[in-house]
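A.B. asks: Enclosed is the structure file my_file04.txt (compact mmCIF, C-alpha atoms).
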# COMPACT_ATOMS: atom_id res chain seq x y z
CA MET V 1 -11.03 -12.65 -13.36
CA ILE V 2 -11.52 -12.91 -9.64
CA GLY V 3 -10.85 -15.63 -7.09
CA THR V 4 -9.88 -16.48 -3.54
CA GLY V 5 -6.76 -18.23 -2.32
CA ARG V 6 -6.59 -21.91 -1.37
CA SER V 7 -7.10 -22.41 2.33
CA ASP V 8 -5.38 -25.82 2.27
CA VAL V 9 -2.13 -24.46 0.79
CA PRO V 10 -1.34 -21.05 2.31
CA VAL V 11 1.16 -19.09 0.24
CA THR V 12 2.70 -15.79 1.19
CA ILE V 13 5.61 -13.39 0.69
CA THR V 14 8.61 -14.57 2.70
CA GLY V 15 11.18 -12.16 1.30
CA LEU V 16 11.05 -8.61 -0.02
CA GLY V 17 13.65 -6.42 -1.67
CA ALA V 18 13.84 -3.16 -3.61
CA TYR V 19 16.36 -1.05 -5.45
CA ALA V 20 16.35 2.42 -6.98
CA PRO V 21 19.23 3.90 -9.00
CA GLU V 22 21.45 6.44 -7.30
CA ARG V 23 20.88 9.30 -9.74
CA VAL V 24 18.12 11.68 -8.60
CA VAL V 25 16.46 13.96 -11.16
CA THR V 26 14.54 16.84 -9.58
CA ASN V 27 11.72 18.88 -11.02
CA ASP V 28 14.03 21.86 -11.26
CA GLU V 29 16.36 19.83 -13.49
CA LEU V 30 13.46 18.90 -15.75
CA SER V 31 12.51 22.54 -16.04
CA GLN V 32 15.81 23.03 -17.88
CA LEU V 33 14.70 20.49 -20.50
CA VAL V 34 10.99 21.19 -21.00
CA ASP V 35 8.55 24.00 -20.37
CA THR V 36 7.63 23.16 -16.78
CA SER V 37 8.39 24.07 -13.18
CA ASN V 38 8.51 22.43 -9.80
CA GLU V 39 5.20 24.07 -8.90
CA TRP V 40 3.49 22.84 -12.10
CA ILE V 41 4.64 19.24 -11.60
CA MET V 42 3.84 19.15 -7.88
CA GLU V 43 0.36 20.53 -8.40
CA ARG V 44 -0.56 17.97 -11.06
CA THR V 45 1.34 14.88 -9.91
CA GLY V 46 2.76 15.31 -6.42
CA ILE V 47 6.14 14.15 -7.76
CA ARG V 48 9.18 16.17 -6.72
CA GLU V 49 11.96 13.84 -7.92
CA ARG V 50 12.58 10.50 -9.60
CA ARG V 51 15.48 8.06 -10.06
CA VAL V 52 17.20 7.45 -13.39
CA ALA V 53 19.43 4.46 -14.14
CA ALA V 54 23.02 4.91 -15.24
CA ASP V 55 23.63 4.66 -18.99
CA SER V 56 25.49 1.39 -18.45
CA ASP V 57 22.67 -0.24 -16.47
CA ALA V 58 19.88 -2.34 -17.97
CA LEU V 59 16.88 -3.82 -16.18
CA SER V 60 18.76 -6.93 -15.03
CA ASP V 61 21.37 -4.69 -13.38
CA ILE V 62 18.89 -2.77 -11.24
CA SER V 63 16.83 -5.93 -10.57
CA LEU V 64 19.75 -7.98 -9.25
CA PRO V 65 20.18 -6.17 -5.88
CA ALA V 66 16.41 -6.21 -5.27
CA ALA V 67 16.28 -9.96 -5.99
CA GLN V 68 19.31 -10.66 -3.77
CA GLN V 69 17.74 -8.70 -0.92
CA ALA V 70 14.44 -10.59 -1.24
CA LEU V 71 16.24 -13.95 -1.28
CA GLU V 72 18.33 -13.02 1.76
CA GLN V 73 15.25 -11.97 3.70
CA ALA V 74 13.59 -15.27 2.81
CA GLY V 75 16.64 -17.20 4.00
CA SER V 76 17.20 -18.54 0.49
CA ASP V 77 19.56 -18.17 -2.41
CA GLY V 78 19.32 -18.62 -6.14
CA LYS V 79 19.59 -22.42 -6.13
CA ASP V 80 16.44 -22.63 -4.00
CA ILE V 81 14.31 -20.92 -6.66
CA ASP V 82 12.45 -23.03 -9.23
CA LEU V 83 10.41 -20.25 -10.84
CA LEU V 84 11.50 -16.72 -11.75
CA ILE V 85 9.12 -14.22 -13.33
CA VAL V 86 10.23 -10.73 -14.33
CA ALA V 87 7.39 -8.26 -14.92
CA THR V 88 8.55 -5.42 -17.17
CA VAL V 89 7.99 -3.43 -20.35
CA THR V 90 11.69 -2.54 -20.61
CA PRO V 91 13.60 -5.84 -20.69
CA ASP V 92 17.33 -5.88 -21.41
CA MET V 93 16.36 -7.05 -24.91
CA MET V 94 13.53 -8.98 -26.56
CA PHE V 95 15.46 -12.23 -26.14
CA PRO V 96 16.97 -13.78 -24.22
CA SER V 97 14.51 -12.84 -21.52
CA THR V 98 15.67 -10.67 -18.66
CA SER V 99 14.44 -13.41 -16.32
CA ALA V 100 16.85 -15.90 -17.89
CA ILE V 101 19.71 -13.40 -17.61
CA LEU V 102 18.80 -12.72 -13.98
CA ALA V 103 18.45 -16.44 -13.18
CA ASP V 104 22.00 -16.98 -14.43
CA ARG V 105 23.36 -14.11 -12.34
CA LEU V 106 21.56 -15.48 -9.26
CA ARG V 107 22.76 -19.02 -10.03
CA ALA V 108 19.17 -20.18 -10.10
CA THR V 109 20.11 -23.09 -12.34
CA ASP V 110 16.92 -25.09 -11.71
CA ALA V 111 14.47 -22.23 -12.27
CA ALA V 112 11.99 -21.85 -15.06
CA ALA V 113 12.28 -18.22 -16.13
CA TYR V 114 10.20 -15.91 -18.28
CA ASP V 115 9.24 -12.25 -18.67
CA LEU V 116 5.70 -10.91 -18.36
CA SER V 117 4.31 -7.74 -19.94
CA ALA V 118 1.21 -6.10 -18.46
CA GLY V 119 2.32 -2.49 -18.19
CA CYS V 120 2.36 -1.00 -14.72
CA THR V 121 0.11 -3.88 -13.58
CA GLY V 122 2.86 -6.37 -14.42
CA PHE V 123 3.92 -7.02 -10.84
CA MET V 124 0.36 -7.87 -9.79
CA TYR V 125 -0.11 -10.24 -12.74
CA ALA V 126 3.21 -11.93 -11.99
CA VAL V 127 2.38 -12.36 -8.30
CA VAL V 128 -0.92 -14.03 -9.19
CA GLN V 129 0.82 -16.39 -11.62
CA ALA V 130 3.51 -17.26 -9.10
CA TYR V 131 0.87 -17.84 -6.42
CA GLY V 132 -0.98 -20.24 -8.72
CA MET V 133 2.19 -22.19 -9.47
CA VAL V 134 3.17 -22.48 -5.81
CA ALA V 135 -0.35 -23.26 -4.55
CA SER V 136 -0.74 -26.00 -7.16
CA GLY V 137 2.56 -27.60 -6.21
CA LEU V 138 4.20 -26.95 -9.59
CA SER V 139 6.67 -24.62 -7.86
CA ARG V 140 8.18 -24.86 -4.40
CA ARG V 141 9.62 -21.37 -4.18
CA ALA V 142 9.12 -18.54 -6.68
CA LEU V 143 10.88 -15.24 -7.17
CA VAL V 144 8.87 -12.40 -8.71
CA VAL V 145 10.66 -9.27 -9.89
CA GLY V 146 8.87 -6.11 -11.01
CA GLY V 147 10.91 -3.35 -12.52
CA ASP V 148 11.40 -0.94 -15.37
CA VAL V 149 13.95 1.43 -16.87
CA LEU V 150 11.35 3.76 -18.33
CA SER V 151 13.87 6.54 -18.84
CA ARG V 152 15.01 4.64 -21.96
CA ILE V 153 11.63 4.90 -23.71
CA LEU V 154 10.69 8.48 -22.81
CA ASP V 155 10.80 11.47 -25.10
CA TRP V 156 12.73 13.87 -22.89
CA SER V 157 11.20 16.81 -24.73
CA ASP V 158 7.62 15.68 -23.98
CA ARG V 159 6.41 17.38 -20.80
CA SER V 160 3.34 15.14 -20.53
CA THR V 161 5.38 11.98 -19.92
CA VAL V 162 8.89 12.89 -18.81
CA VAL V 163 7.72 14.40 -15.51
CA LEU V 164 5.85 11.24 -14.49
CA PHE V 165 8.20 8.30 -14.73
CA GLY V 166 11.27 6.93 -12.98
CA ASP V 167 13.41 3.80 -12.86
CA GLY V 168 13.35 1.16 -10.13
CA ALA V 169 12.82 -2.50 -9.26
CA GLY V 170 11.43 -4.66 -6.48
CA ALA V 171 11.28 -8.37 -5.79
CA VAL V 172 9.36 -10.84 -3.63
CA VAL V 173 9.80 -14.52 -2.77
CA LEU V 174 6.62 -16.62 -2.58
CA GLU V 175 6.42 -20.02 -0.89
CA PRO V 176 4.02 -22.22 1.09
CA VAL V 177 3.63 -21.42 4.78
CA ASP V 178 1.58 -22.64 7.73
CA GLU V 179 -0.46 -19.46 8.18
CA PRO V 180 -2.85 -17.69 5.81
CA GLY V 181 -1.09 -15.41 3.34
CA PHE V 182 -2.67 -14.45 0.02
CA LEU V 183 -6.44 -14.41 0.40
CA ALA V 184 -7.95 -13.13 -2.86
CA PHE V 185 -7.11 -11.72 -6.28
CA GLU V 186 -8.75 -9.74 -9.07
CA LEU V 187 -7.30 -9.15 -12.55
CA GLY V 188 -8.68 -7.52 -15.67
CA ALA V 189 -7.91 -5.88 -18.99
CA ASP V 190 -9.61 -3.52 -21.41
CA GLY V 191 -7.81 -3.65 -24.73
CA ALA V 192 -10.13 -1.01 -26.18
CA GLY V 193 -8.30 1.52 -24.03
CA GLY V 194 -4.86 0.42 -25.17
CA GLU V 195 -4.50 3.41 -27.48
CA HIS V 196 -4.39 5.73 -24.48
CA LEU V 197 -1.01 4.44 -23.26
CA TRP V 198 1.21 2.78 -25.81
CA LEU V 199 4.66 2.42 -27.39
CA PRO V 200 4.23 2.37 -31.17
CA GLY V 201 7.03 0.83 -33.19
CA SER V 202 8.24 -1.42 -30.37
CA GLY V 203 6.98 -4.69 -31.85
CA SER V 204 5.95 -6.40 -35.10
CA ARG V 205 3.25 -3.87 -35.99
CA ARG V 206 4.62 -1.52 -38.65
CA PHE V 207 4.34 2.23 -38.23
CA GLU V 208 5.48 5.08 -40.43
CA ASP V 209 8.65 6.51 -38.88
CA PRO V 210 7.92 5.45 -35.28
CA ASP V 211 10.02 7.20 -32.64
CA GLN V 212 9.49 4.35 -30.13
CA PHE V 213 8.70 6.71 -27.26
CA VAL V 214 5.83 6.36 -24.79
CA LYS V 215 2.61 8.02 -25.90
CA MET V 216 -0.11 8.80 -23.37
CA ASN V 217 -3.55 10.38 -23.35
CA GLY V 218 -3.25 11.73 -19.82
CA ARG V 219 -6.89 12.69 -19.42
CA GLU V 220 -8.19 9.23 -20.37
CA VAL V 221 -5.57 7.38 -18.33
CA PHE V 222 -6.42 9.52 -15.30
CA LYS V 223 -10.14 8.71 -15.67
CA PHE V 224 -9.38 5.00 -16.04
CA ALA V 225 -6.99 4.91 -13.08
CA THR V 226 -9.24 6.71 -10.63
CA ARG V 227 -12.14 4.43 -11.56
CA VAL V 228 -10.35 1.08 -11.61
CA LEU V 229 -8.35 1.56 -8.41
CA VAL V 230 -11.64 1.82 -6.56
CA GLN V 231 -13.53 -0.89 -8.45
CA SER V 232 -10.77 -3.48 -8.27
CA GLY V 233 -10.07 -2.84 -4.59
CA GLU V 234 -13.74 -3.16 -3.72
CA ALA V 235 -14.11 -6.30 -5.83
CA VAL V 236 -11.24 -8.17 -4.20
CA LEU V 237 -12.42 -7.22 -0.71
CA ASP V 238 -15.96 -8.31 -1.53
CA SER V 239 -14.78 -11.67 -2.87
CA TYR V 240 -13.16 -12.44 0.47
CA GLY V 241 -15.97 -11.00 2.57
CA ALA V 242 -13.86 -8.19 3.99
CA SER V 243 -14.57 -4.47 4.18
CA ILE V 244 -12.40 -1.45 3.68
CA ASP V 245 -12.35 -0.98 7.45
CA ASP V 246 -10.45 -4.28 7.72
CA VAL V 247 -7.55 -3.00 5.61
CA ASP V 248 -4.49 -2.05 7.65
CA VAL V 249 -2.10 -1.17 4.80
CA TYR V 250 -3.16 0.05 1.35
CA VAL V 251 -0.50 -0.10 -1.37
CA PRO V 252 -1.79 1.41 -4.63
CA HIS V 253 0.23 1.73 -7.82
CA GLN V 254 2.37 4.84 -7.47
CA ALA V 255 1.33 6.71 -10.62
CA ASN V 256 0.27 10.10 -9.36
CA VAL V 257 -0.57 11.52 -5.93
CA ARG V 258 -3.85 12.96 -7.24
CA ILE V 259 -4.94 9.50 -8.44
CA ILE V 260 -4.01 7.90 -5.11
CA GLU V 261 -5.78 10.58 -3.07
CA HIS V 262 -8.91 10.25 -5.21
CA ALA V 263 -8.99 6.46 -4.73
CA THR V 264 -8.27 6.76 -1.02
CA LYS V 265 -11.17 9.17 -0.56
CA LYS V 266 -13.61 7.09 -2.63
CA LEU V 267 -12.66 3.88 -0.84
CA GLY V 268 -12.78 5.55 2.56
CA ILE V 269 -9.32 4.49 3.70
CA PRO V 270 -7.69 6.72 6.34
CA SER V 271 -4.62 8.42 4.90
CA ASP V 272 -2.34 6.98 7.60
CA ARG V 273 -2.96 3.49 6.17
CA VAL V 274 -1.91 4.47 2.63
CA VAL V 275 1.65 3.97 1.37
CA ILE V 276 2.82 6.82 -0.87
CA ASN V 277 6.35 7.21 -2.19
CA VAL V 278 5.67 8.42 -5.74
CA ASP V 279 6.83 11.87 -4.65
CA ARG V 280 10.39 10.52 -4.41
CA TYR V 281 10.49 7.85 -7.13
CA GLY V 282 7.93 8.83 -9.75
CA ASN V 283 5.97 6.12 -11.53
CA THR V 284 8.33 3.12 -11.75
CA SER V 285 5.75 0.93 -13.54
CA SER V 286 6.16 -2.72 -12.47
CA GLY V 287 8.60 -1.63 -9.77
CA SER V 288 6.04 0.63 -8.12
CA ILE V 289 4.20 -1.70 -5.74
CA PRO V 290 7.20 -3.74 -4.50
CA LEU V 291 9.14 -0.50 -3.89
CA ALA V 292 6.22 0.79 -1.83
CA LEU V 293 5.89 -2.53 0.02
CA ALA V 294 9.57 -2.45 0.93
CA GLU V 295 9.18 1.07 2.27
CA ALA V 296 6.17 0.04 4.37
CA GLN V 297 8.17 -2.84 5.79
CA ALA V 298 11.14 -0.61 6.55
CA ASP V 299 9.03 1.90 8.49
CA GLY V 300 7.26 -0.82 10.49
CA ARG V 301 3.82 -0.75 8.91
CA LEU V 302 4.01 -4.35 7.67
CA GLN V 303 3.58 -6.41 10.80
CA PRO V 304 2.33 -10.02 11.13
CA GLY V 305 -1.45 -10.16 11.02
CA LYS V 306 -1.90 -6.90 9.10
CA LEU V 307 -4.32 -7.03 6.19
CA VAL V 308 -2.68 -5.61 3.04
CA LEU V 309 -4.50 -4.47 -0.10
CA MET V 310 -2.46 -3.93 -3.26
CA THR V 311 -3.88 -2.60 -6.53
CA GLY V 312 -2.10 -1.85 -9.78
CA MET V 313 -3.25 -0.46 -13.12
CA GLY V 314 -1.54 0.46 -16.34
CA ALA V 315 -1.03 -0.03 -20.07
CA GLY V 316 -3.24 -2.55 -21.75
CA LEU V 317 -5.31 -1.12 -20.19
CA THR V 318 -4.88 -3.56 -17.31
CA TRP V 319 -5.54 -3.73 -13.59
CA GLY V 320 -5.05 -6.14 -10.72
CA SER V 321 -5.51 -6.42 -6.97
CA ALA V 322 -4.37 -8.79 -4.25
CA LEU V 323 -5.39 -9.13 -0.62
CA LEU V 324 -3.06 -10.82 1.83
CA ARG V 325 -2.54 -11.29 5.53
CA TRP V 326 1.06 -10.28 6.18
CA THR V 327 3.04 -12.99 7.96
CA LYS V 328 6.67 -11.90 7.69
CA GLU V 329 8.40 -10.41 10.71
CA ALA V 330 10.07 -7.08 9.96
As a first step, turn the structure in this file into structure tokens.
C.D. replies:
Amino acid sequence: MIGTGRSDVPVTITGLGAYAPERVVTNDELSQLVDTSNEWIMERTGIRERRVAADSDALSDISLPAAQQALEQAGSDGKDIDLLIVATVTPDMMFPSTSAILADRLRATDAAAYDLSAGCTGFMYAVVQAYGMVASGLSRRALVVGGDVLSRILDWSDRSTVVLFGDGAGAVVLEPVDEPGFLAFELGADGAGGEHLWLPGSGSRRFEDPDQFVKMNGREVFKFATRVLVQSGEAVLDSYGASIDDVDVYVPHQANVRIIEHATKKLGIPSDRVVINVDRYGNTSSGSIPLALAEAQADGRLQPGKLVLMTGMGAGLTWGSALLRWTKEA
């Protein structure tokens, strides 16, 4: 699925927030749990540490400060929101939805609220849905939260997964503006590859003695990620008639430094235009891109007029890209 934004109803991000738990888990700490080392992890992933949520915190707890920050930056509060989407694979519980719990805590009493599951691509899917609702006039102001507490679904004795993931959340406010914002989108899914990254026993499908931990075929996921980051980015640029040279800020899903560097080289984007923070947070799934966006804003890279390319990919297997002209003052 690919399409361009409506020129008659510009919609953009007016508020941005992010939150990562306080607890830092280093590679050296992981080496006490599994057969690994800081050198082994750094060489294969580029990750040196990740954040892990407190035992008492669920997704809504780590999402709340990110949402509050985004609302404050947008000059809004909960009562101004009429749509709230939470993208996650680790909700507080299956129901009620984390979005409904979060809407209550934000006092967003007039907001429609639901959760969305698209793996690590969840934030991109949710942004596209929120854009469509706002651009069509069905929503006046939407809050999109992307976040996960992946530490709860990891086998901490499995070296292939435990070194990769971390916990975190980010949030954005979308609303109509006078200037161009979102310009084009591209989304896709390949269910045939779903077996390469999955969580057996987490739903209505019966399994024999499922442990309900993440299972991943790292080789196949790596091949998929390096291919789709490039293809999706090129497709969304082509749909708008832009080139890679026009991109000022590239925000890829923060899965693995090797994957990002491969995509950056294939796309031909100078490294100084690429946002990378996976080395400090690990792969935070749906929280990955908003956390990286917030960092780019904090260090001054997101300035009005800058062309921003975001691409996510993950379980499903899914992928999604968005191109926008940044309009928010830092």
A.B. asks: What's around range 2-9 of chain V at 12 Å? Count only C-alpha atoms, leave out sequence neighbours fewer than 3 positions away in its own chain, and write the answer as a VMD selection string.
C.D. replies: chain V and resid 12 128 131 to 137 140 175 to 188 232 to 242 319 to 325
A.B. asks: Residues within 12 Å of Met94 in chain V, please, as a PDB file with C-alpha atoms, in the coordinates of the input. Count only C-alpha atoms; anything in the same chain fewer than 3 positions from it doesn't count.
C.D. replies:
ATOM      1  CA  THR V  88       8.550  -5.420 -17.170  1.00  0.00           C
ATOM      2  CA  VAL V  89       7.990  -3.430 -20.350  1.00  0.00           C
ATOM      3  CA  THR V  90      11.690  -2.540 -20.610  1.00  0.00           C
ATOM      4  CA  PRO V  91      13.600  -5.840 -20.690  1.00  0.00           C
ATOM      5  CA  SER V  97      14.510 -12.840 -21.520  1.00  0.00           C
ATOM      6  CA  THR V  98      15.670 -10.670 -18.660  1.00  0.00           C
ATOM      7  CA  SER V  99      14.440 -13.410 -16.320  1.00  0.00           C
ATOM      8  CA  ALA V 100      16.850 -15.900 -17.890  1.00  0.00           C
ATOM      9  CA  ILE V 101      19.710 -13.400 -17.610  1.00  0.00           C
ATOM     10  CA  TYR V 114      10.200 -15.910 -18.280  1.00  0.00           C
ATOM     11  CA  ASP V 115       9.240 -12.250 -18.670  1.00  0.00           C
ATOM     12  CA  LEU V 116       5.700 -10.910 -18.360  1.00  0.00           C
ATOM     13  CA  SER V 117       4.310  -7.740 -19.940  1.00  0.00           C
ATOM     14  CA  SER V 202       8.240  -1.420 -30.370  1.00  0.00           C
ATOM     15  CA  GLY V 203       6.980  -4.690 -31.850  1.00  0.00           C
ATOM     16  CA  SER V 204       5.950  -6.400 -35.100  1.00  0.00           C
TER      17      SER V 204
END
A.B. asks: Per residue of range 231-302 of chain V within 6 Å of range 28-51 of chain V, what are the shortest atom pair and its distance in Å to one decimal, counting all atoms listed in the file, with rows by chain and residue number, as a tab-separated table?
C.D. replies:
residue	atom	partner	partner_atom	distance
V:Asn256	CA	V:Thr45	CA	4.9
V:Val257	CA	V:Gly46	CA	5.1
V:Asp279	CA	V:Ile47	CA	3.9
V:Arg280	CA	V:Glu49	CA	5.1
V:Tyr281	CA	V:Arg50	CA	4.2
V:Gly282	CA	V:Arg50	CA	4.9
A.B. asks: Give the answer as one residue: which of V:Ala112, V:Val278, V:Met93, V:Leu174 has the shortest atom-to-atom distance to Leu16 in chain V, using only C-alpha atoms?
C.D. replies: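 Checking each candidate against Leu16 in chain V, we get V:Leu174 as the closest.
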A.B. asks: What gap, in Å, lies between CA of Gly218 in chain V and CA of Arg23 in chain V?
C.D. replies: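 Here the two named atoms are 26.3 Å from each other.
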A.B. asks: Considering only C-alpha atoms, can you say which of V:Glu295, V:Asp148, V:Asp209, V:Asp92 comes closest to Ser56 in chain V?
C.D. replies: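 Among V:Glu295, V:Asp148, V:Asp209, V:Asp92, it is V:Asp92 that comes nearest to Ser56 in chain V.
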A.B. asks: V:Ser151, V:Ser243, V:Ser286, V:Ser139: which is nearest Val163 in chain V, counting all atoms listed in the file?
C.D. replies: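 Checking each of V:Ser151, V:Ser243, V:Ser286, V:Ser139 against Val163 in chain V, counting all atoms listed in the file, the winner is V:Ser151.
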A.B. asks: So the first atom is CA of Ala189 in chain V and the second is CA of Thr226 in chain V; what is the distance between them in Å, to one decimal place?
C.D. replies: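 For CA of Ala189 in chain V relative to CA of Thr226 in chain V, the distance reads 15.2 Å.
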A.B. asks: Expressed in Å to a single decimal, how great is the separation between CA of Ala255 in chain V and CA of Met313 in chain V?
C.D. replies: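 Going from CA of Ala255 in chain V over to CA of Met313 in chain V covers 8.9 Å.
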A.B. asks: Counting all atoms listed in the file, which of V:Val144, V:Ala171, V:Ala192, V:Ala263 gets nearest to Ala292 in chain V?
C.D. replies: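 Checking each candidate against Ala292 in chain V, we get V:Ala171 as the closest.
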A.B. asks: Taking 4 positions as the minimum chain separation for residues in the same chain, which residues sit within 8 Å of Arg301 in chain V when counting only C-alpha atoms? Answer as a count of residues only.
C.D. replies: 3
A.B. asks: Tell me which of V:Ala142, V:Ile269, V:Ala298, V:Leu317 sits closest to Ile81 in chain V, counting all atoms listed in the file.
C.D. replies: V:Ala142
A.B. asks: Write out as number ranges by chain which residues come within 8 Å of Tyr19 in chain V when counting only C-alpha atoms, dropping same-chain ones fewer than 2 positions away.
C.D. replies: V: 17, 21, 62-63, 65-66, 168-170, 291
A.B. asks: Write the residues of the preceding selection, restricted to C-alpha atoms, as a PDB file, in the coordinates of the input.
C.D. replies:
ATOM      1  CA  GLY V  17      13.650  -6.420  -1.670  1.00  0.00           C
ATOM      2  CA  PRO V  21      19.230   3.900  -9.000  1.00  0.00           C
ATOM      3  CA  ILE V  62      18.890  -2.770 -11.240  1.00  0.00           C
ATOM      4  CA  SER V  63      16.830  -5.930 -10.570  1.00  0.00           C
ATOM      5  CA  PRO V  65      20.180  -6.170  -5.880  1.00  0.00           C
ATOM      6  CA  ALA V  66      16.410  -6.210  -5.270  1.00  0.00           C
ATOM      7  CA  GLY V 168      13.350   1.160 -10.130  1.00  0.00           C
ATOM      8  CA  ALA V 169      12.820  -2.500  -9.260  1.00  0.00           C
ATOM      9  CA  GLY V 170      11.430  -4.660  -6.480  1.00  0.00           C
ATOM     10  CA  LEU V 291       9.140  -0.500  -3.890  1.00  0.00           C
TER      11      LEU V 291
END
A.B. asks: Once 6 Å is added on each side, what centre and edge lengths in Å to one decimal does the axis-aligned box around all listed atoms of range 297-301 of chain V have, as AutoDock Vina command-line options?
C.D. replies:
--center_x 7.5 --center_y -0.5 --center_z 8.1 --size_x 19.3 --size_y 16.7 --size_z 16.7
A.B. asks: Between V:Val173, V:Ile289, V:Ala58, V:Met216, which is the closest to Lys328 in chain V once you count only C-alpha atoms?
C.D. replies: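 The closest residue to Lys328 in chain V is V:Val173.
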